>>> print(open('run-v6.cif').read())   # mmCIF, C-alpha atoms and all ligand atoms
data_input
#
loop_
_atom_site.label_atom_id
_atom_site.label_comp_id
_atom_site.auth_asym_id
_atom_site.auth_seq_id
_atom_site.Cartn_x
_atom_site.Cartn_y
_atom_site.Cartn_z
CA GLU S 574 15.00 14.78 -61.01
CA GLN S 575 15.92 16.51 -57.79
CA ASN S 576 13.54 19.04 -59.24
CA LEU S 577 10.73 16.51 -59.54
CA PHE S 578 10.78 15.93 -55.80
CA LYS S 579 11.15 19.67 -55.13
CA THR S 580 8.15 20.43 -57.28
CA GLY S 581 6.21 17.52 -55.79
CA ALA S 582 7.02 18.87 -52.34
CA LYS S 583 5.01 21.98 -53.23
CA ILE S 584 1.96 19.77 -53.62
CA ILE S 585 2.58 18.11 -50.27
CA GLU S 586 3.12 21.49 -48.60
CA ARG S 587 -0.21 22.67 -49.86
CA PHE S 588 -1.89 19.57 -48.48
CA GLU S 589 -0.27 20.13 -45.10
CA LYS S 590 -1.17 23.79 -45.07
CA HIS S 591 -4.79 22.72 -45.39
CA ASN S 592 -4.45 20.09 -42.66
CA TYR S 593 -4.23 17.13 -44.95
CA GLU S 594 -1.38 14.66 -45.23
CA GLY S 595 0.66 14.01 -48.35
CA PHE S 596 3.56 11.66 -49.09
CA PHE S 597 5.68 10.57 -51.99
CA VAL S 598 4.94 6.91 -52.58
CA GLY S 599 5.60 3.80 -54.62
CA GLY S 600 8.13 3.51 -57.45
CA ALA S 601 9.60 6.99 -56.98
CA VAL S 602 10.48 6.32 -53.34
CA ARG S 603 11.92 2.94 -54.25
CA ASP S 604 14.03 4.27 -57.10
CA TYR S 605 15.18 7.34 -55.17
CA THR S 606 16.28 5.16 -52.25
CA LEU S 607 18.11 2.85 -54.64
CA GLY S 608 19.83 5.79 -56.31
CA ARG S 609 18.11 5.04 -59.61
CA SER S 610 16.83 7.79 -61.86
CA VAL S 611 13.24 8.77 -61.21
CA SER S 612 11.00 9.81 -64.08
CA ASP S 613 7.66 10.21 -62.36
CA VAL S 614 6.72 10.87 -58.80
CA ASP S 615 3.42 9.72 -57.32
CA ILE S 616 1.84 11.27 -54.26
CA THR S 617 -0.63 9.78 -51.83
CA THR S 618 -2.90 11.78 -49.54
CA ASN S 619 -5.85 11.52 -47.18
CA ALA S 620 -7.61 14.31 -49.11
CA LEU S 621 -10.57 13.04 -51.12
CA PRO S 622 -10.60 13.46 -54.92
CA ASP S 623 -12.99 16.43 -54.79
CA GLU S 624 -10.85 18.06 -52.16
CA ILE S 625 -7.74 17.54 -54.28
CA GLU S 626 -9.47 19.21 -57.21
CA ASN S 627 -10.45 22.14 -55.03
CA LEU S 628 -6.94 22.65 -53.69
CA PHE S 629 -5.13 22.90 -57.03
CA GLU S 630 -5.66 25.11 -60.06
CA LYS S 631 -4.79 22.55 -62.70
CA THR S 632 -6.06 19.01 -62.29
CA ILE S 633 -7.10 16.21 -64.60
CA ASP S 634 -9.57 13.58 -63.54
CA VAL S 635 -8.05 10.29 -64.65
CA GLY S 636 -9.90 7.93 -62.35
CA LYS S 637 -11.73 9.74 -59.63
CA GLU S 638 -13.70 6.69 -58.58
CA HIS S 639 -10.39 5.00 -57.76
CA GLY S 640 -9.13 8.17 -56.13
CA THR S 641 -6.64 9.25 -58.77
CA ILE S 642 -6.29 12.84 -59.95
CA ILE S 643 -3.42 14.31 -61.92
CA VAL S 644 -2.21 17.58 -60.44
CA LEU S 645 -0.12 19.84 -62.64
CA MET S 646 2.45 21.74 -60.65
CA ASP S 647 4.76 24.02 -62.64
CA ASP S 648 3.44 22.15 -65.68
CA ILE S 649 4.72 18.83 -64.36
CA PRO S 650 2.04 16.17 -63.95
CA PHE S 651 1.87 14.28 -60.64
CA GLU S 652 -0.44 11.37 -60.01
CA VAL S 653 -2.12 12.10 -56.71
CA THR S 654 -4.11 9.27 -55.17
CA THR S 655 -6.32 9.24 -52.11
CA TYR S 656 -5.36 6.66 -49.45
CA ARG S 657 -7.21 3.59 -50.47
CA VAL S 658 -7.97 0.11 -49.27
CA GLU S 659 -9.35 -2.57 -51.49
CA GLY S 660 -12.38 -4.73 -50.97
CA GLU S 661 -12.50 -8.39 -51.79
CA TYR S 662 -11.16 -9.69 -55.09
CA THR S 663 -13.45 -12.27 -56.64
CA ASP S 664 -12.10 -12.22 -60.18
CA HIS S 665 -8.31 -12.31 -59.67
CA ARG S 666 -7.82 -8.96 -61.32
CA ARG S 667 -9.79 -6.09 -59.80
CA PRO S 668 -11.11 -5.46 -56.33
CA ASP S 669 -14.90 -5.54 -56.22
CA ASN S 670 -14.81 -2.19 -54.41
CA VAL S 671 -12.27 0.36 -53.30
CA TYR S 672 -12.69 2.41 -50.16
CA PHE S 673 -10.93 5.58 -49.20
CA THR S 674 -9.29 5.70 -45.82
CA GLN S 675 -7.65 8.29 -43.57
CA HIS S 676 -4.65 6.09 -42.75
CA LEU S 677 -1.42 5.96 -44.70
CA THR S 678 -0.53 2.54 -43.31
CA GLU S 679 -3.73 1.06 -44.70
CA ASP S 680 -2.89 2.40 -48.13
CA LEU S 681 0.62 0.99 -47.95
CA SER S 682 -0.74 -2.43 -47.01
CA ARG S 683 -2.70 -2.81 -50.23
CA ARG S 684 0.43 -2.34 -52.35
CA ASP S 685 2.08 -5.28 -54.05
CA PHE S 686 5.69 -5.52 -52.90
CA THR S 687 7.47 -4.28 -49.79
CA ILE S 688 9.85 -2.22 -51.94
CA ASN S 689 6.82 -0.52 -53.52
CA ALA S 690 5.09 0.07 -50.20
CA MET S 691 7.27 2.82 -48.78
CA ALA S 692 6.21 6.43 -48.39
CA MET S 693 8.41 9.48 -47.97
CA THR S 694 7.76 12.91 -46.47
CA GLN S 695 8.60 16.07 -48.36
CA ALA S 696 11.73 16.19 -46.18
CA MET S 697 12.65 12.79 -47.65
CA GLU S 698 12.04 10.78 -44.45
CA LEU S 699 10.84 7.22 -44.97
CA HIS S 700 7.65 5.63 -43.68
CA ASP S 701 8.31 1.96 -44.09
CA PRO S 702 5.95 -0.26 -42.08
CA HIS S 703 6.65 -3.32 -44.24
CA ASN S 704 10.42 -3.06 -44.00
CA GLY S 705 10.88 -2.45 -47.68
CA ILE S 706 14.27 -0.97 -46.98
CA LYS S 707 15.53 -4.34 -45.80
CA ASP S 708 14.39 -5.99 -49.01
CA LEU S 709 15.90 -3.14 -51.02
CA ASN S 710 19.23 -3.75 -49.31
CA ASN S 711 18.97 -7.49 -49.89
CA ARG S 712 17.79 -6.85 -53.46
CA LEU S 713 14.76 -9.02 -52.91
CA ILE S 714 11.19 -8.93 -54.17
CA ASN S 715 8.81 -9.83 -51.38
CA THR S 716 5.07 -9.36 -51.31
CA VAL S 717 3.31 -7.28 -48.68
CA GLY S 718 1.56 -10.03 -46.76
CA LEU S 719 1.23 -13.63 -47.89
CA ALA S 720 2.41 -14.14 -51.45
CA LYS S 721 -0.20 -16.80 -52.12
CA GLU S 722 -3.03 -14.49 -51.12
CA ARG S 723 -1.67 -11.44 -52.90
CA PHE S 724 -1.04 -13.27 -56.18
CA TYR S 725 -4.32 -15.09 -56.04
CA GLU S 726 -6.33 -11.91 -55.53
CA ASP S 727 -4.58 -10.04 -58.36
CA ALA S 728 -2.76 -12.38 -60.71
CA LEU S 729 -1.04 -9.53 -62.58
CA ARG S 730 1.25 -9.17 -59.55
CA MET S 731 3.00 -12.38 -60.61
CA VAL S 732 4.04 -10.75 -63.86
CA ARG S 733 4.95 -7.57 -61.99
CA ALA S 734 7.20 -9.63 -59.73
CA VAL S 735 9.26 -10.93 -62.65
CA ARG S 736 9.15 -7.48 -64.27
CA PHE S 737 10.81 -6.00 -61.19
CA MET S 738 13.36 -8.84 -61.16
CA SER S 739 14.46 -7.71 -64.59
CA GLN S 740 14.07 -3.96 -64.09
CA LEU S 741 15.96 -3.83 -60.79
CA ASP S 742 18.09 -6.97 -61.10
CA PHE S 743 16.57 -8.28 -57.86
CA LYS S 744 15.96 -11.84 -56.72
CA LEU S 745 12.50 -13.18 -56.06
CA ALA S 746 11.79 -14.33 -52.52
CA ASP S 747 11.30 -18.11 -52.24
CA GLU S 748 7.81 -17.67 -50.86
CA ALA S 749 6.81 -15.59 -53.86
CA ARG S 750 8.33 -18.07 -56.29
CA GLU S 751 6.38 -20.96 -54.75
CA ALA S 752 3.20 -18.91 -54.80
CA ILE S 753 3.62 -18.24 -58.51
CA LYS S 754 4.03 -21.96 -59.15
CA GLU S 755 0.78 -22.53 -57.32
CA HIS S 756 -1.27 -19.72 -58.83
CA ALA S 757 0.13 -19.24 -62.32
CA ALA S 758 -3.16 -20.36 -63.86
CA ALA S 759 -4.96 -17.35 -62.38
CA LEU S 760 -3.18 -15.23 -65.00
CA ASP S 761 -5.89 -16.32 -67.42
CA TYR S 762 -8.21 -13.84 -65.73
CA VAL S 763 -6.02 -10.81 -66.34
CA ALA S 764 -6.54 -8.43 -69.27
CA VAL S 765 -3.87 -9.10 -71.87
CA GLU S 766 -3.05 -5.39 -72.28
CA ARG S 767 -1.97 -5.22 -68.66
CA ILE S 768 0.24 -8.26 -69.12
CA THR S 769 1.94 -6.92 -72.25
CA ALA S 770 2.49 -3.54 -70.56
CA GLU S 771 4.42 -5.34 -67.81
CA LEU S 772 6.28 -7.47 -70.36
CA GLU S 773 7.36 -4.35 -72.24
CA LYS S 774 8.97 -3.09 -69.06
CA LEU S 775 10.44 -6.50 -68.31
CA TYR S 776 12.24 -6.59 -71.66
CA ARG S 777 13.60 -3.09 -71.15
CA GLY S 778 15.12 -4.22 -67.86
CA ILE S 779 18.72 -4.97 -66.99
CA ASN S 780 18.33 -8.66 -66.12
CA VAL S 781 15.89 -10.01 -68.67
CA GLU S 782 17.54 -13.39 -68.49
CA SER S 783 16.74 -14.07 -64.83
CA ALA S 784 13.15 -12.95 -65.30
CA LYS S 785 12.69 -15.24 -68.29
CA GLU S 786 14.15 -18.15 -66.38
CA MET S 787 11.72 -17.50 -63.56
CA ILE S 788 8.81 -17.29 -66.00
CA ALA S 789 9.76 -20.66 -67.45
CA HIS S 790 10.64 -22.24 -64.10
CA THR S 791 7.42 -21.27 -62.31
CA GLY S 792 5.18 -22.26 -65.20
CA LEU S 793 3.95 -18.69 -65.71
CA LEU S 794 4.92 -19.17 -69.34
CA LYS S 795 2.09 -21.66 -69.78
CA TYR S 796 -0.46 -18.98 -68.99
CA MET S 797 0.94 -16.09 -70.98
CA PRO S 798 -0.83 -15.27 -74.22
CA PHE S 799 1.23 -16.22 -77.29
CA PHE S 800 4.23 -17.32 -75.20
CA ARG S 801 2.31 -20.32 -73.86
CA HIS S 802 2.89 -21.95 -77.25
CA ILE S 803 6.66 -21.81 -76.87
CA GLU S 804 8.45 -24.65 -75.15
CA ALA S 805 10.26 -23.50 -71.99
CA GLY S 806 13.76 -24.43 -73.16
CA GLU S 807 13.18 -22.62 -76.43
CA TYR S 808 11.83 -19.58 -74.63
CA VAL S 809 14.87 -19.10 -72.40
CA SER S 810 17.32 -19.77 -75.23
CA THR S 811 16.80 -16.39 -76.93
CA LYS S 812 18.38 -13.10 -75.94
CA ALA S 813 15.96 -10.44 -77.04
CA GLU S 814 16.14 -6.85 -75.85
CA SER S 815 12.55 -5.85 -76.38
CA LEU S 816 9.19 -7.53 -76.34
CA VAL S 817 8.85 -7.19 -80.10
CA GLN S 818 12.30 -8.66 -80.71
CA GLU S 819 11.45 -11.62 -78.52
CA ILE S 820 8.26 -12.21 -80.46
CA ALA S 821 9.96 -11.79 -83.84
CA VAL S 822 12.71 -14.23 -83.01
CA HIS S 823 10.27 -16.92 -81.95
CA ILE S 824 8.10 -16.40 -85.01
CA TYR S 825 11.22 -16.59 -87.12
CA LYS S 826 12.12 -19.91 -85.55
CA ASP S 827 8.59 -21.28 -85.79
CA SER S 828 6.37 -19.46 -88.25
CA SER S 829 3.26 -21.30 -87.03
CA LEU S 830 3.43 -19.11 -83.93
CA SER S 831 2.21 -16.12 -85.92
CA GLN S 832 -1.33 -17.48 -85.70
CA HIS S 833 -1.22 -16.79 -81.95
CA LEU S 834 0.03 -13.23 -82.25
CA SER S 835 -3.42 -11.66 -82.14
CA ALA S 836 -3.83 -12.98 -78.59
CA LEU S 837 -1.36 -10.31 -77.46
CA LYS S 838 -3.57 -7.47 -78.79
CA LEU S 839 -0.56 -5.45 -79.83
CA SER S 840 -0.66 -1.91 -81.20
CA ASN S 841 -0.06 -1.28 -84.89
CA LYS S 842 3.27 0.22 -83.98
CA GLN S 843 4.30 -2.96 -82.20
CA LYS S 844 3.11 -5.10 -85.09
CA THR S 845 5.11 -3.02 -87.54
CA ALA S 846 8.18 -3.36 -85.35
CA ILE S 847 7.76 -7.15 -85.33
CA ARG S 848 7.47 -7.19 -89.12
CA GLU S 849 10.60 -5.08 -89.40
CA SER S 850 12.53 -7.31 -87.02
CA LEU S 851 11.46 -10.32 -89.04
CA LYS S 852 12.54 -8.62 -92.25
CA VAL S 853 15.95 -7.96 -90.80
CA ILE S 854 16.36 -11.51 -89.60
CA GLU S 855 15.27 -12.82 -92.98
CA ALA S 856 17.52 -10.38 -94.81
CA LEU S 857 20.40 -11.67 -92.76
CA GLU S 858 19.53 -15.22 -93.69
CA ASP S 859 19.69 -14.38 -97.41
CA GLY S 860 23.06 -12.78 -96.89
CA ILE S 861 23.48 -9.38 -95.49
CA ASP S 862 22.81 -6.27 -97.46
CA GLU S 863 24.75 -3.34 -96.09
CA LYS S 864 22.46 -0.71 -97.52
CA LEU S 865 19.30 -2.19 -96.09
CA ILE S 866 20.84 -2.60 -92.68
CA ALA S 867 22.31 0.89 -92.72
CA TYR S 868 18.95 2.29 -93.77
CA ARG S 869 17.17 0.56 -90.92
CA PHE S 870 19.55 2.20 -88.51
CA GLU S 871 19.11 5.55 -90.21
CA THR S 872 15.33 5.37 -89.93
CA GLY S 873 15.44 4.17 -86.35
CA ILE S 874 13.83 0.83 -87.02
CA LEU S 875 16.94 -0.67 -85.56
CA THR S 876 18.61 1.05 -82.67
CA GLY S 877 21.93 0.28 -81.17
CA THR S 878 24.66 -1.86 -82.60
CA ASP S 879 24.42 -3.98 -79.54
CA ALA S 880 20.77 -4.81 -80.15
CA ILE S 881 21.24 -5.97 -83.68
CA ILE S 882 24.37 -7.90 -82.90
CA ARG S 883 22.60 -9.73 -80.15
CA LEU S 884 19.64 -10.37 -82.35
CA ASN S 885 22.05 -12.03 -84.69
CA ALA S 886 23.91 -13.84 -82.03
CA LEU S 887 20.73 -15.87 -81.91
CA LEU S 888 21.25 -16.95 -85.45
CA GLY S 889 24.95 -17.65 -85.40
CA ALA S 890 28.22 -15.84 -84.92
CA GLN S 891 28.99 -15.45 -88.60
CA HIS S 892 25.90 -13.27 -88.97
CA ALA S 893 26.96 -11.04 -86.14
CA LYS S 894 30.32 -10.56 -87.77
CA LEU S 895 28.91 -9.72 -91.18
CA LEU S 896 26.56 -7.36 -89.54
CA GLU S 897 29.28 -5.54 -87.68
CA GLN S 898 31.16 -5.10 -90.92
CA SER S 899 28.13 -3.75 -92.68
CA ILE S 900 27.40 -1.27 -89.92
CA ALA S 901 31.01 -0.14 -89.96
CA ALA S 902 30.94 0.24 -93.75
CA LYS S 903 28.44 3.13 -93.57
CA PRO S 904 27.39 2.88 -97.21
CA ASP S 905 25.96 5.92 -99.01
CA LEU S 906 22.22 5.82 -99.02
CA VAL S 907 20.07 7.07 -101.89
CA ILE S 908 17.33 7.99 -99.46
CA LYS S 909 17.57 8.60 -95.75
CA ASN S 910 13.93 8.02 -94.93
CA ARG S 911 10.69 7.15 -96.63
CA SER S 912 9.63 10.75 -97.21
CA GLU S 913 12.56 11.08 -99.62
CA LEU S 914 11.07 8.38 -101.78
CA ARG S 915 9.63 10.09 -104.87
CA ILE S 916 6.33 8.29 -104.53
CA ASN S 917 3.96 7.93 -101.61
CA GLY S 918 0.71 6.14 -100.94
CA ASN S 919 -1.40 8.79 -102.67
CA SER S 920 0.68 9.17 -105.79
CA LEU S 921 0.85 5.41 -106.13
CA MET S 922 -2.90 5.01 -105.79
CA SER S 923 -3.63 7.64 -108.40
CA ALA S 924 -0.97 6.37 -110.82
CA LEU S 925 -2.37 2.87 -110.59
CA ASN S 926 -5.93 4.04 -110.33
CA ALA S 927 -6.38 1.78 -107.35
CA ARG S 928 -7.87 2.07 -103.90
CA GLY S 929 -5.88 1.87 -100.70
CA GLY S 930 -5.40 -1.35 -98.78
CA PRO S 931 -2.74 -3.52 -97.22
CA TRP S 932 -1.21 -4.00 -100.68
CA LEU S 933 -0.18 -0.36 -100.66
CA ARG S 934 2.15 -0.74 -97.73
CA ASP S 935 3.74 -3.83 -99.31
CA CYS S 936 4.20 -1.89 -102.56
CA LEU S 937 5.86 1.00 -100.78
CA ASP S 938 8.09 -1.40 -98.85
CA SER S 939 9.20 -3.09 -102.06
CA ALA S 940 9.75 0.19 -103.89
CA GLU S 941 11.72 1.59 -100.98
CA GLU S 942 13.95 -1.47 -100.97
CA ALA S 943 14.43 -1.38 -104.74
CA VAL S 944 15.46 2.28 -104.61
CA LEU S 945 17.86 1.63 -101.76
CA LEU S 946 19.45 -1.29 -103.57
CA GLY S 947 19.75 0.75 -106.75
CA THR S 948 17.46 -1.57 -108.73
CA VAL S 949 15.40 1.43 -109.70
CA ASN S 950 16.10 5.16 -109.71
CA ASN S 951 14.40 7.44 -107.23
CA ASN S 952 12.20 9.02 -109.86
CA GLU S 953 8.42 8.98 -109.80
CA SER S 954 7.69 7.52 -113.22
CA GLU S 955 10.49 4.97 -113.01
CA ILE S 956 9.27 3.77 -109.65
CA ILE S 957 5.72 3.51 -110.90
CA ASN S 958 6.81 1.52 -113.93
CA TRP S 959 8.85 -0.72 -111.69
CA VAL S 960 5.89 -1.27 -109.37
CA LYS S 961 3.65 -2.08 -112.34
CA SER S 962 5.98 -4.72 -113.64
CA HIS S 963 7.13 -6.20 -110.35
CA VAL S 964 4.50 -6.02 -107.69
CA LYS S 965 1.43 -8.10 -108.24
CA ASN S 966 -0.97 -9.82 -105.97
CA GLU S 967 -2.18 -13.40 -106.31
CA ASP S 968 -4.70 -12.50 -109.01
CA GLY S 969 -1.99 -10.93 -111.06
CA ASN S 970 -3.40 -7.46 -110.36
CA ILE S 971 -1.95 -4.65 -108.39
P1 LIG S 1001 7.64 1.99 -62.55
O1 LIG S 1001 7.00 3.33 -62.55
O2 LIG S 1001 9.12 1.95 -62.47
O3 LIG S 1001 7.10 1.14 -63.62
P2 LIG S 1001 6.07 1.60 -60.16
O4 LIG S 1001 6.41 0.95 -58.87
O5 LIG S 1001 5.78 3.05 -60.12
O6 LIG S 1001 7.23 1.25 -61.18
P3 LIG S 1001 3.45 1.31 -61.22
O7 LIG S 1001 2.90 0.22 -62.05
O8 LIG S 1001 3.56 2.67 -61.79
O9 LIG S 1001 4.87 0.81 -60.73
O10 LIG S 1001 2.59 1.36 -59.87
C1 LIG S 1001 2.74 2.37 -58.90
C2 LIG S 1001 2.57 1.78 -57.48
O11 LIG S 1001 1.25 1.30 -57.32
C3 LIG S 1001 3.48 0.61 -57.19
O12 LIG S 1001 4.73 1.02 -56.72
C4 LIG S 1001 2.67 -0.15 -56.14
O13 LIG S 1001 2.83 0.43 -54.87
C5 LIG S 1001 1.24 0.08 -56.58
N1 LIG S 1001 0.71 -0.98 -57.47
C6 LIG S 1001 0.71 -0.99 -58.82
N2 LIG S 1001 0.11 -2.07 -59.31
C7 LIG S 1001 -0.29 -2.80 -58.25
C8 LIG S 1001 -1.00 -4.04 -58.09
N3 LIG S 1001 -1.38 -4.76 -59.14
N4 LIG S 1001 -1.25 -4.46 -56.83
C9 LIG S 1001 -0.86 -3.74 -55.75
N5 LIG S 1001 -0.21 -2.57 -55.84
C10 LIG S 1001 0.08 -2.10 -57.07
MG MG S 1002 5.09 4.27 -61.86
#
>>> encode(input="run-v6.cif", output="C-alpha cells")
Amino acid sequence: EQNLFKTGAKIIERFEKHNYEGFFVGGAVRDYTLGRSVSDVDITTNALPDEIENLFEKTIDVGKEHGTIIVLMDDIPFEVTTYRVEGEYTDHRRPDNVYFTQHLTEDLSRRDFTINAMAMTQAMELHDPHNGIKDLNNRLINTVGLAKERFYEDALRMVRAVRFMSQLDFKLADEAREAIKEHAAALDYVAVERITAELEKLYRGINVESAKEMIAHTGLLKYMPFFRHIEAGEYVSTKAESLVQEIAVHIYKDSSLSQHLSALKLSNKQKTAIRESLKVIEALEDGIDEKLIAYRFETGILTGTDAIIRLNALLGAQHAKLLEQSIAAKPDLVIKNRSELRINGNSLMSALNARGGPWLRDCLDSAEEAVLLGTVNNNESEIINWVKSHVKNEDGNI
C-alpha cells in the first residue's frame, strides 16, 4: 500500500519533470487520510490524454474522450485522468459534455462529496479547497456545492451517498438527506448497472444498517429497481451481508418478488448466488442437513460462519443454533467439489442422449445433493440410473 503511493509518485514525478502537474486524488486520498487500506490510487493531471500516452510506455485507453487513461507503472495500473469540468446535465445521469481544464480546483469542484474532492501531492501534502478534512474528522458526508443541485444533476450520487455511509460508517449531512427526499425520483433516469454496482459496495460496508435506514427514510427505496416493491419496514428488518443475500432473503419471504428480479440486470454469477442462498434458506426450513451446509462452505458458496448465522438469525434463533452445531460437526464429505462428481454435463447429455439446457444444471444440482446425502453412490452408472428414475420435467421426460 505504501508501495502503491510510492509507485504512483513515479508517475507524478514524470509529469512534473515535463512541466505538467499531477496529484493523487479521490478515494485513495480519502482512505489514506482516514488510515484505511487503499487498494487503488487514482491520479489527476493537467496533461491531455494524448500527452499522457506519449509520456508513458505502457498505457491503456479506457475512456479517452472523458480524459481517462490507465498508466502501468511497475506493472501496477493507475487510472490517470485529465482535469475535467462538466457541462450541463440534462438527463440526471451524464453531463452533456466534458471539458478539460488546466486547473486542479476546477476538477475538484466537479466531484461529488467533499471527502472525495481532496488531492494530494507526491509528498503527501493535501490540497483541500472544499474542506473535506473537516468532514472526514466529523465523519460526515457532505456534497461539494448545493446538495439539491448535485443530486439533481446526477441522481446516482444519492446512492453513492448512502454507499459511503455504509462503507465508512459516516453520517449523512442534513442538507444532503433533505435533498435526497426531494430528488429521489430522479433515480429513475440512472442506468441500473450503476445502481447495483454502488449497492454491492454498500452491502460490503461496515454500517449497512444505517445506510438501509436512510434509503427507507428518504424514500430512495421507492425508486430502486426490485427494492421498490418491498415495504420500508420489511426492507430494514433484514440483516444481509451482501446484495445477493439481501435479495434472497426478501424473495424467500415473498416469492412474488422474483418477478421483479430481472429489473436489476444481475450477472449470471449473482443470479447463481441468489439461487444458492435461497436453497440454503429453504434447506434450513426443512431441517438442517449438516452435509449440505458443510459442502456449501467447502465450495465457497457460503463464506464465514458469521454470514450464515446472521442469515439464519433472520429466520429464528433455533435455526442459527442448529446451524452452528452443523458447522462445528464437520461431517465427512463424499465429494469436496463438483468436479469430484463422477458425472458432468457432457457425460449426462450423452448418457441420456439429450441436448443441453437449463434442465442440465437442475439435474447436476440434484445428483450432487443425492451423492452428498449418500442416497446414491458416486459412480457414473449409478448416478445416471438415479437421474433417469428421479429427475423428470413436467412432460415426464428428462
Ligand atoms: P472506492 O474506490 O472506495 O469505491 P472512490 O471514492 O474511489 O471509492 P469511485 O467510484 O472509484 O469512488 O470514484 C472515484 C472518484 O471520482 C470519487 O472519489 C469522486 O471524486 C469522483 N466521482 C465518482 N463518481 C462521481 C459522480 N457520480 N459524481 C461526481 N464525482 C464522482
Ligand atoms: Mg475508486
>>> atom_distance(input="run-v6.cif", atom1="atom CA of S:Thr632", atom2="atom CA of S:Ile584")
11.8 Å
>>> residues_near_ligand(input="run-v6.cif", ligand="ligand MG 1002 (chain S)", cutoff="10 Å", atoms="only C-alpha atoms and all ligand atoms", output="list in words")
Val598, Gly599, Gly600, Ala601, Val611, Ser612, Asp613, Val614, Asp615, Glu652 and Asn689 of chain S
>>> write_last_selection(input="run-v6.cif", atoms="C-alpha atoms", output="PDB file, in the frame of the given file")
ATOM      1  CA  VAL S 598       4.940   6.910 -52.580  1.00  0.00           C
ATOM      2  CA  GLY S 599       5.600   3.800 -54.620  1.00  0.00           C
ATOM      3  CA  GLY S 600       8.130   3.510 -57.450  1.00  0.00           C
ATOM      4  CA  ALA S 601       9.600   6.990 -56.980  1.00  0.00           C
ATOM      5  CA  VAL S 611      13.240   8.770 -61.210  1.00  0.00           C
ATOM      6  CA  SER S 612      11.000   9.810 -64.080  1.00  0.00           C
ATOM      7  CA  ASP S 613       7.660  10.210 -62.360  1.00  0.00           C
ATOM      8  CA  VAL S 614       6.720  10.870 -58.800  1.00  0.00           C
ATOM      9  CA  ASP S 615       3.420   9.720 -57.320  1.00  0.00           C
ATOM     10  CA  GLU S 652      -0.440  11.370 -60.010  1.00  0.00           C
ATOM     11  CA  ASN S 689       6.820  -0.520 -53.520  1.00  0.00           C
TER      12      ASN S 689
END
>>> axis_aligned_box(input="run-v6.cif", around="stretch 595-605 of chain S", padding_each_side="4 Å", output="JSON")
{"center_x": 7.9, "center_y": 8.5, "center_z": -52.9, "size_x": 22.5, "size_y": 19.1, "size_z": 17.1}
>>> closest_residue(input="run-v6.cif", among="S:Trp932, S:Phe651, S:Tyr672, S:Phe686", to="ligand LIG 1001 (chain S)", atoms="all atoms listed in the file")
S:Phe686
>>> residues_near_ligand(input="run-v6.cif", ligand="ligand LIG 1001 (chain S)", cutoff="10 Å", atoms="only C-alpha atoms and all ligand atoms", output="PyMOL selection string")
chain S and resi 598-604+609-615+652+654+659+666-668+680-692+716-717+723-724+726-734+736-737+740-741+767+770-771+774-775
>>> closest_residue(input="run-v6.cif", among="S:Leu851, S:Lys744, S:Asp664, S:Thr694", to="S:Tyr725", atoms="all atoms listed in the file")
S:Asp664
>>> closest_residue(input="run-v6.cif", among="S:His703, S:Pro798, S:Asp623, S:Ala749", to="S:Leu719", atoms="all atoms listed in the file")
S:Ala749
>>> atom_distance(input="run-v6.cif", atom1="atom CA of S:Ser783", atom2="atom CA of S:His833")
25.0 Å
>>> residues_around(input="run-v6.cif", residues="stretch 820-829 of chain S", least_positions_apart="3", cutoff="7 Å", atoms="all atoms listed in the file", output="list of chain:residue names")
S:Leu816, S:Val817, S:Gln832, S:Ile847, S:Ser850, S:Leu851
>>> atom_distance(input="run-v6.cif", atom1="atom CA of S:Gly947", atom2="atom CA of S:Arg848")
22.9 Å
>>> residues_around(input="run-v6.cif", residues="S:Asn670", least_positions_apart="3", cutoff="10 Å", atoms="all atoms listed in the file", output="VMD selection string")
chain S and resid 638 to 639 658 to 662 667
>>> residues_around(input="run-v6.cif", residues="S:Leu906", least_positions_apart="5", cutoff="10 Å", atoms="only C-alpha atoms", output="PyMOL selection string")
chain S and resi 863-865+867-868+871+944-947
>>> closest_residue(input="run-v6.cif", among="S:Asp648, S:Glu698, S:Glu751, S:Asp935", to="S:Glu722", atoms="all atoms listed in the file")
S:Glu751
>>> residues_around(input="run-v6.cif", residues="S:Ala720", least_positions_apart="5", cutoff="8 Å", atoms="all atoms listed in the file", output="PyMOL selection string")
chain S and resi 715+748-749+752
>>> residues_near_point(input="run-v6.cif", point="(-11.2, 7.6, -49.1)", cutoff="12 Å", atoms="only C-alpha atoms", output="JSON, numbers by chain")
{"S": [617, 618, 619, 620, 621, 622, 623, 624, 625, 637, 638, 639, 640, 641, 654, 655, 656, 657, 658, 659, 670, 671, 672, 673, 674, 675, 676, 677, 679, 680]}
>>> closest_residue(input="run-v6.cif", among="S:Ala784, S:Leu830, S:Leu699, S:Ala846", to="S:Glu804", atoms="all atoms listed in the file")
S:Leu830
>>> build_atoms(input="run-v6.cif", residues="stretch 596-602 of chain S", atoms="N, CA and C atoms", output="short mmCIF file (atom, residue, chain, number, x, y, z; two decimals), keeping the file's coordinate frame")
data_model
loop_
_atom_site.label_atom_id
_atom_site.label_comp_id
_atom_site.auth_asym_id
_atom_site.auth_seq_id
_atom_site.Cartn_x
_atom_site.Cartn_y
_atom_site.Cartn_z
N PHE S 596 2.26 12.34 -49.07
CA PHE S 596 3.56 11.66 -49.09
C PHE S 596 3.93 11.26 -50.51
N PHE S 597 5.21 11.25 -50.79
CA PHE S 597 5.68 10.57 -51.99
C PHE S 597 5.50 9.08 -51.75
N VAL S 598 5.25 8.33 -52.81
CA VAL S 598 4.94 6.91 -52.58
C VAL S 598 5.30 6.05 -53.78
N GLY S 599 5.47 4.77 -53.53
CA GLY S 599 5.60 3.80 -54.62
C GLY S 599 6.96 3.82 -55.32
N GLY S 600 6.92 3.67 -56.65
CA GLY S 600 8.13 3.51 -57.45
C GLY S 600 9.15 4.63 -57.27
N ALA S 601 8.67 5.86 -57.10
CA ALA S 601 9.60 6.99 -56.98
C ALA S 601 10.43 6.88 -55.70
N VAL S 602 9.78 6.47 -54.62
CA VAL S 602 10.48 6.32 -53.34
C VAL S 602 11.49 5.18 -53.44
#
